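Asker: File follows, structure-v5.cif with mmCIF, C-alpha atoms and all ligand atoms:
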data_run
#
loop_
_atom_site.group_PDB
_atom_site.id
_atom_site.type_symbol
_atom_site.label_atom_id
_atom_site.label_comp_id
_atom_site.auth_asym_id
_atom_site.auth_seq_id
_atom_site.Cartn_x
_atom_site.Cartn_y
_atom_site.Cartn_z
ATOM 1 C CA MET A 1 -6.575 -154.540 -18.192
ATOM 2 C CA ASN A 2 -9.794 -155.453 -16.431
ATOM 3 C CA THR A 3 -12.521 -153.483 -18.178
ATOM 4 C CA THR A 4 -15.317 -154.529 -15.821
ATOM 5 C CA HIS A 5 -13.847 -152.820 -12.743
ATOM 6 C CA ALA A 6 -12.528 -149.290 -12.310
ATOM 7 C CA SER A 7 -10.677 -147.736 -9.383
ATOM 8 C CA ARG A 8 -11.921 -144.218 -9.120
ATOM 9 C CA GLY A 9 -9.934 -141.043 -8.857
ATOM 10 C CA ILE A 10 -11.118 -137.719 -7.488
ATOM 11 C CA ALA A 11 -12.693 -135.371 -10.026
ATOM 12 C CA HIS A 12 -12.471 -132.250 -7.905
ATOM 13 C CA VAL A 13 -12.118 -131.072 -4.323
ATOM 14 C CA ASP A 14 -14.403 -128.300 -3.057
ATOM 15 C CA ASP A 15 -14.293 -126.330 0.181
ATOM 16 C CA VAL A 16 -17.572 -125.990 2.072
ATOM 17 C CA ILE A 17 -19.239 -122.590 1.797
ATOM 18 C CA SER A 18 -19.692 -121.138 5.296
ATOM 19 C CA MET A 19 -22.847 -119.081 5.760
ATOM 20 C CA PRO A 20 -23.540 -116.663 8.608
ATOM 21 C CA GLY A 21 -26.205 -117.613 11.127
ATOM 22 C CA ASP A 22 -29.802 -116.386 11.042
ATOM 23 C CA GLU A 23 -32.934 -116.861 13.154
ATOM 24 C CA GLN A 24 -32.914 -120.591 12.342
ATOM 25 C CA VAL A 25 -29.278 -121.607 12.564
ATOM 26 C CA LEU A 26 -26.195 -120.540 14.510
ATOM 27 C CA ARG A 27 -24.058 -121.490 11.530
ATOM 28 C CA ARG A 28 -24.482 -123.325 8.218
ATOM 29 C CA ASN A 29 -21.999 -124.935 5.857
ATOM 30 C CA ILE A 30 -23.142 -125.621 2.328
ATOM 31 C CA VAL A 31 -21.389 -128.871 1.471
ATOM 32 C CA VAL A 32 -23.183 -129.570 -1.803
ATOM 33 C CA ALA A 33 -24.529 -126.350 -3.293
ATOM 34 C CA PRO A 34 -27.856 -126.457 -5.120
ATOM 35 C CA GLY A 35 -27.998 -125.522 -8.790
ATOM 36 C CA ASN A 36 -25.204 -127.647 -10.238
ATOM 37 C CA TRP A 37 -27.818 -130.247 -11.053
ATOM 38 C CA THR A 38 -25.987 -132.243 -13.709
ATOM 39 C CA ASP A 39 -22.703 -132.441 -11.812
ATOM 40 C CA SER A 40 -24.282 -133.416 -8.510
ATOM 41 C CA ASP A 41 -27.159 -135.595 -9.849
ATOM 42 C CA PRO A 42 -29.024 -137.112 -7.954
ATOM 43 C CA PHE A 43 -27.837 -135.025 -4.954
ATOM 44 C CA LEU A 44 -29.643 -131.689 -4.757
ATOM 45 C CA MET A 45 -28.015 -130.140 -1.710
ATOM 46 C CA LEU A 46 -26.172 -131.012 1.490
ATOM 47 C CA ALA A 47 -26.212 -128.591 4.417
ATOM 48 C CA GLU A 48 -24.364 -128.888 7.733
ATOM 49 C CA ASP A 49 -26.204 -126.969 10.433
ATOM 50 C CA TRP A 50 -25.665 -125.946 14.043
ATOM 51 C CA PHE A 51 -28.888 -124.808 15.730
ATOM 52 C CA GLN A 52 -30.325 -124.323 19.192
ATOM 53 C CA PRO A 53 -33.578 -123.023 20.721
ATOM 54 C CA PRO A 54 -35.312 -120.781 19.755
ATOM 55 C CA GLY A 55 -33.872 -121.592 16.327
ATOM 56 C CA GLY A 56 -34.542 -124.641 14.203
ATOM 57 C CA PHE A 57 -37.045 -125.330 11.473
ATOM 58 C CA GLU A 58 -40.718 -124.788 12.324
ATOM 59 C CA MET A 59 -43.479 -126.368 10.227
ATOM 60 C CA HIS A 60 -42.648 -126.276 6.504
ATOM 61 C CA PRO A 61 -43.516 -128.407 3.464
ATOM 62 C CA HIS A 62 -41.520 -130.585 1.067
ATOM 63 C CA ARG A 63 -42.457 -132.298 -2.178
ATOM 64 C CA GLY A 64 -40.641 -134.259 -4.859
ATOM 65 C CA PHE A 65 -37.527 -135.602 -3.110
ATOM 66 C CA GLU A 66 -36.105 -137.207 0.046
ATOM 67 C CA THR A 67 -34.256 -135.691 2.990
ATOM 68 C CA VAL A 68 -31.596 -137.765 4.743
ATOM 69 C CA THR A 69 -30.611 -136.273 8.105
ATOM 70 C CA LEU A 70 -27.567 -137.441 10.076
ATOM 71 C CA VAL A 71 -27.361 -135.996 13.578
ATOM 72 C CA LEU A 72 -23.735 -135.499 14.612
ATOM 73 C CA ASP A 73 -24.265 -133.980 18.045
ATOM 74 C CA GLY A 74 -27.160 -132.909 20.249
ATOM 75 C CA ALA A 75 -30.716 -133.972 19.436
ATOM 76 C CA VAL A 76 -33.318 -133.102 16.805
ATOM 77 C CA GLU A 77 -37.042 -133.569 17.388
ATOM 78 C CA HIS A 78 -39.188 -134.197 14.367
ATOM 79 C CA ARG A 79 -42.969 -133.755 14.009
ATOM 80 C CA ASP A 80 -45.015 -134.113 10.867
ATOM 81 C CA SER A 81 -48.440 -133.569 9.408
ATOM 82 C CA ARG A 82 -49.261 -137.275 9.576
ATOM 83 C CA GLY A 83 -48.936 -137.327 13.363
ATOM 84 C CA GLY A 84 -45.453 -138.814 13.330
ATOM 85 C CA THR A 85 -42.869 -137.717 15.893
ATOM 86 C CA GLY A 86 -39.412 -138.793 16.973
ATOM 87 C CA VAL A 87 -36.081 -137.688 18.381
ATOM 88 C CA LEU A 88 -32.769 -138.321 16.633
ATOM 89 C CA GLY A 89 -29.582 -138.483 18.710
ATOM 90 C CA PRO A 90 -25.885 -138.461 17.785
ATOM 91 C CA GLY A 91 -25.126 -140.880 14.957
ATOM 92 C CA ASP A 92 -28.785 -141.465 14.071
ATOM 93 C CA VAL A 93 -30.215 -140.982 10.606
ATOM 94 C CA GLN A 94 -33.743 -140.197 9.493
ATOM 95 C CA TRP A 95 -34.522 -141.064 5.876
ATOM 96 C CA MET A 96 -37.641 -139.127 4.920
ATOM 97 C CA THR A 97 -39.372 -139.618 1.593
ATOM 98 C CA ALA A 98 -41.374 -136.423 1.160
ATOM 99 C CA GLY A 99 -42.861 -137.723 -2.092
ATOM 100 C CA ARG A 100 -46.180 -136.007 -2.872
ATOM 101 C CA GLY A 101 -46.007 -133.949 0.273
ATOM 102 C CA ILE A 102 -45.170 -133.673 3.902
ATOM 103 C CA VAL A 103 -45.320 -130.737 6.324
ATOM 104 C CA HIS A 104 -42.928 -131.059 9.233
ATOM 105 C CA SER A 105 -40.789 -129.373 11.866
ATOM 106 C CA GLU A 106 -37.180 -130.116 12.832
ATOM 107 C CA LEU A 107 -36.284 -128.551 16.173
ATOM 108 C CA PRO A 108 -33.283 -128.786 18.494
ATOM 109 C CA ARG A 109 -33.776 -130.479 21.863
ATOM 110 C CA GLY A 110 -31.617 -130.627 24.980
ATOM 111 C CA GLY A 111 -28.908 -128.419 26.373
ATOM 112 C CA THR A 112 -26.372 -128.518 23.576
ATOM 113 C CA PRO A 113 -26.750 -127.148 20.051
ATOM 114 C CA ALA A 114 -27.944 -129.682 17.508
ATOM 115 C CA HIS A 115 -25.375 -130.374 14.792
ATOM 116 C CA SER A 116 -26.627 -132.192 11.727
ATOM 117 C CA LEU A 117 -26.042 -132.966 8.085
ATOM 118 C CA GLN A 118 -29.070 -132.918 5.822
ATOM 119 C CA LEU A 119 -28.937 -134.256 2.301
ATOM 120 C CA TRP A 120 -31.633 -133.532 -0.263
ATOM 121 C CA LEU A 121 -31.801 -136.567 -2.526
ATOM 122 C CA ASN A 122 -33.786 -136.246 -5.727
ATOM 123 C CA LEU A 123 -36.526 -138.577 -6.928
ATOM 124 C CA PRO A 124 -37.290 -139.398 -10.567
ATOM 125 C CA ALA A 125 -40.529 -138.095 -12.116
ATOM 126 C CA SER A 126 -42.134 -141.503 -11.651
ATOM 127 C CA LEU A 127 -41.645 -141.307 -7.859
ATOM 128 C CA LYS A 128 -41.999 -137.589 -7.043
ATOM 129 C CA MET A 129 -45.647 -138.059 -6.058
ATOM 130 C CA THR A 130 -45.110 -141.313 -4.155
ATOM 131 C CA GLU A 131 -46.644 -141.772 -0.706
ATOM 132 C CA PRO A 132 -44.617 -140.051 2.063
ATOM 133 C CA HIS A 133 -42.537 -142.482 4.103
ATOM 134 C CA TYR A 134 -40.070 -142.438 7.006
ATOM 135 C CA GLN A 135 -37.256 -144.675 8.050
ATOM 136 C CA ASP A 136 -35.554 -144.123 11.383
ATOM 137 C CA LEU A 137 -32.051 -145.530 11.179
ATOM 138 C CA PRO A 138 -30.555 -145.478 14.702
ATOM 139 C CA ALA A 139 -26.768 -145.815 14.624
ATOM 140 C CA ALA A 140 -26.838 -148.691 17.105
ATOM 141 C CA GLU A 141 -29.066 -150.764 14.822
ATOM 142 C CA MET A 142 -27.186 -150.216 11.583
ATOM 143 C CA PRO A 143 -24.627 -152.730 10.331
ATOM 144 C CA LEU A 144 -20.960 -151.971 10.981
ATOM 145 C CA ARG A 145 -18.076 -153.046 8.762
ATOM 146 C CA GLU A 146 -14.931 -153.352 10.845
ATOM 147 C CA ALA A 147 -11.375 -153.745 9.587
ATOM 148 C CA ALA A 148 -7.944 -152.838 10.975
ATOM 149 C CA GLY A 149 -8.312 -149.284 12.314
ATOM 150 C CA ALA A 150 -11.557 -148.818 10.369
ATOM 151 C CA ARG A 151 -15.241 -148.628 11.342
ATOM 152 C CA LEU A 152 -17.766 -148.100 8.564
ATOM 153 C CA ARG A 153 -21.415 -147.649 9.513
ATOM 154 C CA VAL A 154 -23.604 -148.643 6.589
ATOM 155 C CA PHE A 155 -26.838 -146.613 6.416
ATOM 156 C CA ALA A 156 -27.764 -147.563 2.846
ATOM 157 C CA GLY A 157 -26.387 -149.928 0.247
ATOM 158 C CA SER A 158 -23.359 -151.968 1.218
ATOM 159 C CA SER A 159 -19.674 -151.870 2.110
ATOM 160 C CA ASP A 160 -17.831 -155.047 1.147
ATOM 161 C CA ASP A 161 -20.162 -157.816 2.399
ATOM 162 C CA VAL A 162 -21.944 -155.646 4.993
ATOM 163 C CA ARG A 163 -25.363 -154.533 3.778
ATOM 164 C CA ALA A 164 -28.092 -152.262 5.160
ATOM 165 C CA ASP A 165 -31.698 -153.177 4.379
ATOM 166 C CA THR A 166 -32.733 -149.500 4.143
ATOM 167 C CA ARG A 167 -35.348 -148.895 1.465
ATOM 168 C CA THR A 168 -33.845 -146.669 -1.229
ATOM 169 C CA LEU A 169 -36.048 -145.475 -4.079
ATOM 170 C CA ILE A 170 -33.046 -144.901 -6.277
ATOM 171 C CA PRO A 171 -30.005 -147.133 -5.724
ATOM 172 C CA THR A 172 -27.967 -145.345 -3.047
ATOM 173 C CA THR A 173 -24.969 -146.011 -0.813
ATOM 174 C CA MET A 174 -24.445 -144.058 2.419
ATOM 175 C CA VAL A 175 -21.500 -145.007 4.627
ATOM 176 C CA GLU A 176 -20.124 -143.131 7.641
ATOM 177 C CA ILE A 177 -16.374 -143.705 7.751
ATOM 178 C CA ARG A 178 -14.091 -143.563 10.800
ATOM 179 C CA LEU A 179 -10.425 -144.418 10.361
ATOM 180 C CA ASP A 180 -7.507 -144.384 12.769
ATOM 181 C CA ALA A 181 -4.335 -142.608 11.624
ATOM 182 C CA GLY A 182 -2.565 -144.853 9.126
ATOM 183 C CA ALA A 183 -5.630 -146.987 8.379
ATOM 184 C CA SER A 184 -7.146 -147.326 4.926
ATOM 185 C CA ILE A 185 -10.204 -148.867 3.314
ATOM 186 C CA THR A 186 -11.595 -149.561 -0.126
ATOM 187 C CA GLN A 187 -15.288 -148.902 -0.661
ATOM 188 C CA ASP A 188 -16.963 -150.702 -3.533
ATOM 189 C CA LEU A 189 -19.569 -148.887 -5.658
ATOM 190 C CA PRO A 190 -21.489 -149.642 -8.842
ATOM 191 C CA ALA A 191 -19.634 -147.929 -11.690
ATOM 192 C CA SER A 192 -22.771 -146.026 -12.727
ATOM 193 C CA TYR A 193 -23.039 -144.171 -9.391
ATOM 194 C CA ASN A 194 -22.177 -140.516 -8.899
ATOM 195 C CA GLY A 195 -20.845 -139.701 -5.448
ATOM 196 C CA PHE A 196 -18.778 -137.686 -3.034
ATOM 197 C CA ILE A 197 -17.043 -137.867 0.316
ATOM 198 C CA TYR A 198 -17.556 -135.117 2.883
ATOM 199 C CA MET A 199 -14.612 -134.835 5.254
ATOM 200 C CA MET A 200 -15.669 -133.806 8.758
ATOM 201 C CA GLU A 201 -12.471 -134.542 10.681
ATOM 202 C CA GLY A 202 -8.883 -135.323 9.845
ATOM 203 C CA GLU A 203 -6.708 -135.529 6.779
ATOM 204 C CA GLY A 204 -6.286 -138.276 4.252
ATOM 205 C CA ARG A 205 -5.592 -139.301 0.681
ATOM 206 C CA PHE A 206 -8.289 -140.353 -1.730
ATOM 207 C CA GLY A 207 -8.650 -142.367 -4.890
ATOM 208 C CA ALA A 208 -6.252 -144.034 -7.267
ATOM 209 C CA GLU A 209 -3.964 -140.976 -7.300
ATOM 210 C CA GLU A 210 -4.012 -140.341 -3.536
ATOM 211 C CA ILE A 211 -5.423 -136.840 -3.788
ATOM 212 C CA PRO A 212 -5.137 -135.098 -0.398
ATOM 213 C CA GLY A 213 -8.279 -133.994 1.416
ATOM 214 C CA ARG A 214 -8.996 -132.552 4.853
ATOM 215 C CA ALA A 215 -11.851 -131.571 7.148
ATOM 216 C CA GLY A 216 -14.158 -129.049 5.542
ATOM 217 C CA GLN A 217 -13.625 -130.379 2.031
ATOM 218 C CA VAL A 218 -15.829 -132.346 -0.339
ATOM 219 C CA LEU A 219 -14.153 -134.836 -2.657
ATOM 220 C CA TRP A 220 -16.229 -135.633 -5.743
ATOM 221 C CA LEU A 221 -15.577 -139.059 -7.180
ATOM 222 C CA GLU A 222 -14.482 -139.369 -10.767
ATOM 223 C CA ARG A 223 -17.369 -140.594 -12.899
ATOM 224 C CA ILE A 224 -16.799 -143.753 -14.890
ATOM 225 C CA ALA A 225 -17.207 -143.341 -18.640
ATOM 226 C CA SER A 226 -16.039 -146.841 -19.576
ATOM 227 C CA ASP A 227 -18.233 -149.944 -19.688
ATOM 228 C CA ALA A 228 -17.024 -150.962 -16.229
ATOM 229 C CA LYS A 229 -19.724 -152.531 -14.045
ATOM 230 C CA THR A 230 -18.070 -152.161 -10.651
ATOM 231 C CA SER A 231 -15.772 -149.594 -9.130
ATOM 232 C CA ASP A 232 -14.121 -148.661 -5.873
ATOM 233 C CA ILE A 233 -12.762 -145.666 -4.042
ATOM 234 C CA HIS A 234 -9.709 -145.882 -1.798
ATOM 235 C CA VAL A 235 -9.482 -143.814 1.401
ATOM 236 C CA ALA A 236 -6.281 -143.619 3.486
ATOM 237 C CA ALA A 237 -6.136 -141.694 6.762
ATOM 238 C CA ASP A 238 -3.081 -139.623 7.705
ATOM 239 C CA THR A 239 -4.734 -138.513 10.966
ATOM 240 C CA PRO A 240 -7.902 -139.827 12.662
ATOM 241 C CA LEU A 241 -10.544 -139.362 9.988
ATOM 242 C CA HIS A 242 -14.333 -138.988 10.064
ATOM 243 C CA ALA A 243 -16.207 -138.704 6.786
ATOM 244 C CA VAL A 244 -19.460 -139.600 5.083
ATOM 245 C CA LEU A 245 -19.641 -141.097 1.629
ATOM 246 C CA TRP A 246 -22.791 -140.767 -0.476
ATOM 247 C CA ALA A 247 -23.125 -142.312 -3.915
ATOM 248 C CA ALA A 248 -26.198 -143.034 -6.005
ATOM 249 C CA GLU A 249 -27.535 -143.673 -9.462
ATOM 250 C CA PRO A 250 -27.955 -140.399 -11.381
ATOM 251 C CA ILE A 251 -31.510 -139.616 -12.527
ATOM 252 C CA GLY A 252 -30.782 -137.505 -15.615
ATOM 253 C CA GLU A 253 -34.050 -135.537 -15.694
ATOM 254 C CA SER A 254 -34.805 -131.817 -15.837
ATOM 255 C CA ILE A 255 -35.028 -130.109 -12.444
ATOM 256 C CA VAL A 256 -37.079 -127.113 -11.384
ATOM 257 C CA ALA A 257 -36.510 -126.301 -7.719
ATOM 258 C CA TYR A 258 -38.203 -123.583 -5.739
ATOM 259 C CA GLY A 259 -37.807 -123.368 -1.963
ATOM 260 C CA PRO A 260 -38.947 -126.659 -0.446
ATOM 261 C CA PHE A 261 -40.237 -128.168 -3.703
ATOM 262 C CA VAL A 262 -38.134 -129.975 -6.333
ATOM 263 C CA MET A 263 -40.022 -131.038 -9.438
ATOM 264 C CA ASN A 264 -39.394 -131.512 -13.173
ATOM 265 C CA THR A 265 -41.377 -128.542 -14.540
ATOM 266 C CA GLU A 266 -42.500 -124.997 -13.599
ATOM 267 C CA LYS A 267 -46.095 -126.148 -13.843
ATOM 268 C CA GLU A 268 -45.504 -128.809 -11.190
ATOM 269 C CA ILE A 269 -43.923 -126.178 -8.905
ATOM 270 C CA ARG A 270 -46.982 -123.941 -9.307
ATOM 271 C CA GLN A 271 -49.168 -126.944 -8.478
ATOM 272 C CA ALA A 272 -47.104 -127.660 -5.349
ATOM 273 C CA PHE A 273 -47.612 -124.083 -4.100
ATOM 274 C CA ALA A 274 -51.335 -124.246 -4.939
ATOM 275 C CA ASP A 275 -51.676 -127.552 -3.091
ATOM 276 C CA TYR A 276 -49.796 -126.174 -0.086
ATOM 277 C CA ARG A 277 -51.897 -123.000 0.069
ATOM 278 C CA SER A 278 -55.138 -124.948 -0.197
ATOM 279 C CA GLY A 279 -54.111 -127.455 2.463
ATOM 280 C CA ARG A 280 -53.805 -130.377 0.082
ATOM 281 C CA LEU A 281 -50.081 -130.889 0.705
ATOM 282 C CA GLY A 282 -49.395 -132.926 3.798
ATOM 283 C CA TRP A 283 -52.389 -131.803 5.833
ATOM 284 C CA ASP A 284 -54.934 -133.873 3.909
ATOM 285 C CA GLN A 285 -53.277 -136.834 5.576
ATOM 286 C CA VAL A 286 -53.887 -135.349 9.020
ATOM 287 C CA ALA A 287 -57.626 -135.394 8.338
ATOM 288 C CA ALA A 288 -57.324 -139.025 7.282
ATOM 289 C CA PHE A 289 -55.260 -139.751 10.406
ATOM 290 C CA GLU A 290 -57.820 -138.144 12.763
ATOM 291 C CA GLU A 291 -60.902 -139.859 11.310
HETATM 292 MN MN MN B 1 -37.530 -130.064 6.288
#
Any chance you could put this one into structure tokens?

Answerer:
Amino acid sequence: MNTTHASRGIAHVDDVISMPGDEQVLRRNIVVAPGNWTDSDPFLMLAEDWFQPPGGFEMHPHRGFETVTLVLDGAVEHRDSRGGTGVLGPGDVQWMTAGRGIVHSELPRGGTPAHSLQLWLNLPASLKMTEPHYQDLPAAEMPLREAAGARLRVFAGSSDDVRADTRTLIPTTMVEIRLDAGASITQDLPASYNGFIYMMEGEGRFGAEEIPGRAGQVLWLERIASDAKTSDIHVAADTPLHAVLWAAEPIGESIVAYGPFVMNTEKEIRQAFADYRSGRLGWDQVAAFEE
């Protein structure tokens, strides 16, 4: 038996939690629920939103983590406290490192509702107060792995020998998967990564034991306890399949989350609120920008 490589199974399959709409969103699915910090480490939350004017997310702060937004349909306009602005269209990703603080808005644009997935990806204590940073990752510019009946868009990390040069502060793989009915792929991952696959369309079978999964489900990858260095996850489509795979190195630190701030301690959360109220979170950079 090869002890340096492990083919992963599926640890568990969850259904998304559908939330009613409010003044911000028409509808929200909670794909990865916050609060199960150890199980989902380093993923804090994943929300799938449908929103249209006058809804959306007006100016609000973040500190201590990254947001990774994949627009699935419509358009999302982004503005931030550093003077940055941009519009994401279908298939585009914005990788935002909030770090020590950003204040921004995310608003729908155009005639159709915006439909997006937003992941909250944690940062380790050593990087929570890092300088804010953005990466726009337009679908058309990201590398594509193609195989029989399979198209894998690599937004971070790699898939086989196709690699994205996205800056990731913790080692992370993000691959958007499209398979024709009957097609299958094997995605390689470091054995130390924790990860999941969110099924958006279709039906398929996953992992070494061909566990069935369908649209609206989240398949958490089995974690590797052995001394394996490399691993893979097998995905086979029974019908045309559209999914996103996220996997990353767990951080293993304490988490205190409150609203838009995710830190290690209560004291750091109180400091984040104090900084926000006194204008030292995000907006200090506007002053620097305008000078
Ligand atoms: Mn935000």

Asker: Could you tell me, as an MDAnalysis selection string, exactly which residues end up selected when the PyMOL selection byres (((chain A and resi 263) around 12) and not hetatm) is applied to this structure?

Answerer: chainID A and resid 44 62:66 98:101 122:129 253:262 264:273

Asker: From the set A:Met59, A:Ile233, A:Leu72, A:Val87, which residue has the shortest atom-to-atom contact distance to ligand MN 1 (chain B), counting all atoms listed in the file?

Answerer: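 Under the stated criterion, the closest residue is A:Met59.
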
Asker: Which residues are near ligand MN 1 (chain B) - at most 9 Å, using only C-alpha atoms and all ligand atoms? Format: as JSON, numbers by chain.

Answerer: {"A": [57, 58, 59, 60, 61, 62, 67, 102, 103, 104, 105, 106, 118, 260]}

Asker: Please determine, counting all atoms listed in the file, which residue among A:Ile177, A:Ala248, A:Arg82, A:Val218 has the shortest atom-to-atom distance to A:Leu189.

Answerer: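 Using all atoms listed in the file, A:Leu189 sits closest to A:Ala248.
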
Asker: On this structure, the PyMOL selection byres (((chain A and resi 22-28) around 10) and not hetatm) would catch which residues? List them as a PyMOL selection string, sorted by chain and number.

Answerer: chain A and resi 16-21+29-31+47-58+107+113-117

Asker: With the PyMOL selection byres (((chain A and resi 10) around 12) and not hetatm) as the selection, what would be picked from this file? Answer as a PDB file with C-alpha atoms, keeping the file's coordinate frame, please.

Answerer:
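Result saved to out-v7.pdb:
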ATOM      1  CA  SER A   7     -10.677-147.736  -9.383  1.00  0.00           C
ATOM      2  CA  ARG A   8     -11.921-144.218  -9.120  1.00  0.00           C
ATOM      3  CA  GLY A   9      -9.934-141.043  -8.857  1.00  0.00           C
ATOM      4  CA  ALA A  11     -12.693-135.371 -10.026  1.00  0.00           C
ATOM      5  CA  HIS A  12     -12.471-132.250  -7.905  1.00  0.00           C
ATOM      6  CA  VAL A  13     -12.118-131.072  -4.323  1.00  0.00           C
ATOM      7  CA  ASP A  14     -14.403-128.300  -3.057  1.00  0.00           C
ATOM      8  CA  ASN A 194     -22.177-140.516  -8.899  1.00  0.00           C
ATOM      9  CA  GLY A 195     -20.845-139.701  -5.448  1.00  0.00           C
ATOM     10  CA  PHE A 196     -18.778-137.686  -3.034  1.00  0.00           C
ATOM     11  CA  ILE A 197     -17.043-137.867   0.316  1.00  0.00           C
ATOM     12  CA  ARG A 205      -5.592-139.301   0.681  1.00  0.00           C
ATOM     13  CA  PHE A 206      -8.289-140.353  -1.730  1.00  0.00           C
ATOM     14  CA  GLY A 207      -8.650-142.367  -4.890  1.00  0.00           C
ATOM     15  CA  ALA A 208      -6.252-144.034  -7.267  1.00  0.00           C
ATOM     16  CA  GLU A 209      -3.964-140.976  -7.300  1.00  0.00           C
ATOM     17  CA  GLU A 210      -4.012-140.341  -3.536  1.00  0.00           C
ATOM     18  CA  ILE A 211      -5.423-136.840  -3.788  1.00  0.00           C
ATOM     19  CA  PRO A 212      -5.137-135.098  -0.398  1.00  0.00           C
ATOM     20  CA  GLY A 213      -8.279-133.994   1.416  1.00  0.00           C
ATOM     21  CA  VAL A 218     -15.829-132.346  -0.339  1.00  0.00           C
ATOM     22  CA  LEU A 219     -14.153-134.836  -2.657  1.00  0.00           C
ATOM     23  CA  TRP A 220     -16.229-135.633  -5.743  1.00  0.00           C
ATOM     24  CA  LEU A 221     -15.577-139.059  -7.180  1.00  0.00           C
ATOM     25  CA  GLU A 222     -14.482-139.369 -10.767  1.00  0.00           C
ATOM     26  CA  ARG A 223     -17.369-140.594 -12.899  1.00  0.00           C
ATOM     27  CA  ILE A 224     -16.799-143.753 -14.890  1.00  0.00           C
ATOM     28  CA  ASP A 232     -14.121-148.661  -5.873  1.00  0.00           C
ATOM     29  CA  ILE A 233     -12.762-145.666  -4.042  1.00  0.00           C
ATOM     30  CA  HIS A 234      -9.709-145.882  -1.798  1.00  0.00           C
ATOM     31  CA  VAL A 235      -9.482-143.814   1.401  1.00  0.00           C
TER      32      VAL A 235
END

Asker: Separation of atom CA of A:Gly35 and atom CA of A:Val244, in Å?

Answerer: 21.5 Å

Asker: Grab the atom CA of A:Gly89 to atom CA of A:Phe43 distance for me, in Å with one decimal place.

Answerer: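 Atom CA of A:Gly89 sits 24.0 Å away from atom CA of A:Phe43.
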
Asker: Please identify all polymer residues within 8 Å of A:Pro90, counting only C-alpha atoms, omitting same-chain residues fewer than 3 positions from it, and present them as a PDB file with C-alpha atoms, keeping the file's coordinate frame.

Answerer:
ATOM      1  CA  LEU A  70     -27.567-137.441  10.076  1.00  0.00           C
ATOM      2  CA  VAL A  71     -27.361-135.996  13.578  1.00  0.00           C
ATOM      3  CA  LEU A  72     -23.735-135.499  14.612  1.00  0.00           C
ATOM      4  CA  ASP A  73     -24.265-133.980  18.045  1.00  0.00           C
ATOM      5  CA  GLY A  74     -27.160-132.909  20.249  1.00  0.00           C
ATOM      6  CA  ALA A  75     -30.716-133.972  19.436  1.00  0.00           C
TER       7      ALA A  75
END

Asker: Name the closest residue to A:Asp180 among the candidates A:Glu141, A:Glu201, A:Glu131, A:Asp227; distances are taken between atoms, counting only C-alpha atoms.

Answerer: A:Glu201

Asker: For A:Glu249, which of A:Leu121, A:Ala139, A:Ala183, A:Ala147 is the closest residue, counting only C-alpha atoms?

Answerer: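 The answer is A:Leu121, which sits nearest to A:Glu249.
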
Asker: Using atom CA of A:Leu137 and atom CA of A:Gly86 as the two end points, give the distance in Å to one decimal.

Answerer: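 Computing it gives 11.5 Å between the two atoms.
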
Asker: Some atoms are absent from stretch 179-190 of chain A, so rebuild N, CA and C atoms and return them as a tab-separated table (two decimals), in the coordinates of the input.

Answerer:
chain	number	residue	atom	x	y	z
A	179	LEU	N	-11.70	-143.72	10.51
A	179	LEU	CA	-10.42	-144.42	10.36
A	179	LEU	C	-9.43	-143.88	11.39
A	180	ASP	N	-8.63	-144.80	11.94
A	180	ASP	CA	-7.51	-144.38	12.77
A	180	ASP	C	-6.39	-143.87	11.85
A	181	ALA	N	-5.48	-143.08	12.42
A	181	ALA	CA	-4.34	-142.61	11.62
A	181	ALA	C	-3.60	-143.81	11.05
A	182	GLY	N	-3.30	-143.77	9.78
A	182	GLY	CA	-2.56	-144.85	9.13
A	182	GLY	C	-3.44	-145.94	8.55
A	183	ALA	N	-4.73	-145.95	8.90
A	183	ALA	CA	-5.63	-146.99	8.38
A	183	ALA	C	-6.12	-146.60	6.98
A	184	SER	N	-6.56	-147.61	6.24
A	184	SER	CA	-7.15	-147.33	4.93
A	184	SER	C	-8.23	-148.35	4.61
A	185	ILE	N	-9.13	-147.96	3.74
A	185	ILE	CA	-10.20	-148.87	3.31
A	185	ILE	C	-10.45	-148.67	1.81
A	186	THR	N	-11.11	-149.67	1.25
A	186	THR	CA	-11.60	-149.56	-0.13
A	186	THR	C	-13.10	-149.78	-0.10
A	187	GLN	N	-13.83	-148.81	-0.60
A	187	GLN	CA	-15.29	-148.90	-0.66
A	187	GLN	C	-15.70	-149.23	-2.09
A	188	ASP	N	-16.47	-150.29	-2.22
A	188	ASP	CA	-16.96	-150.70	-3.53
A	188	ASP	C	-18.23	-149.92	-3.89
A	189	LEU	N	-18.39	-149.61	-5.17
A	189	LEU	CA	-19.57	-148.89	-5.66
A	189	LEU	C	-19.89	-149.33	-7.08
A	190	PRO	N	-21.17	-149.44	-7.43
A	190	PRO	CA	-21.49	-149.64	-8.84
A	190	PRO	C	-20.85	-148.54	-9.69
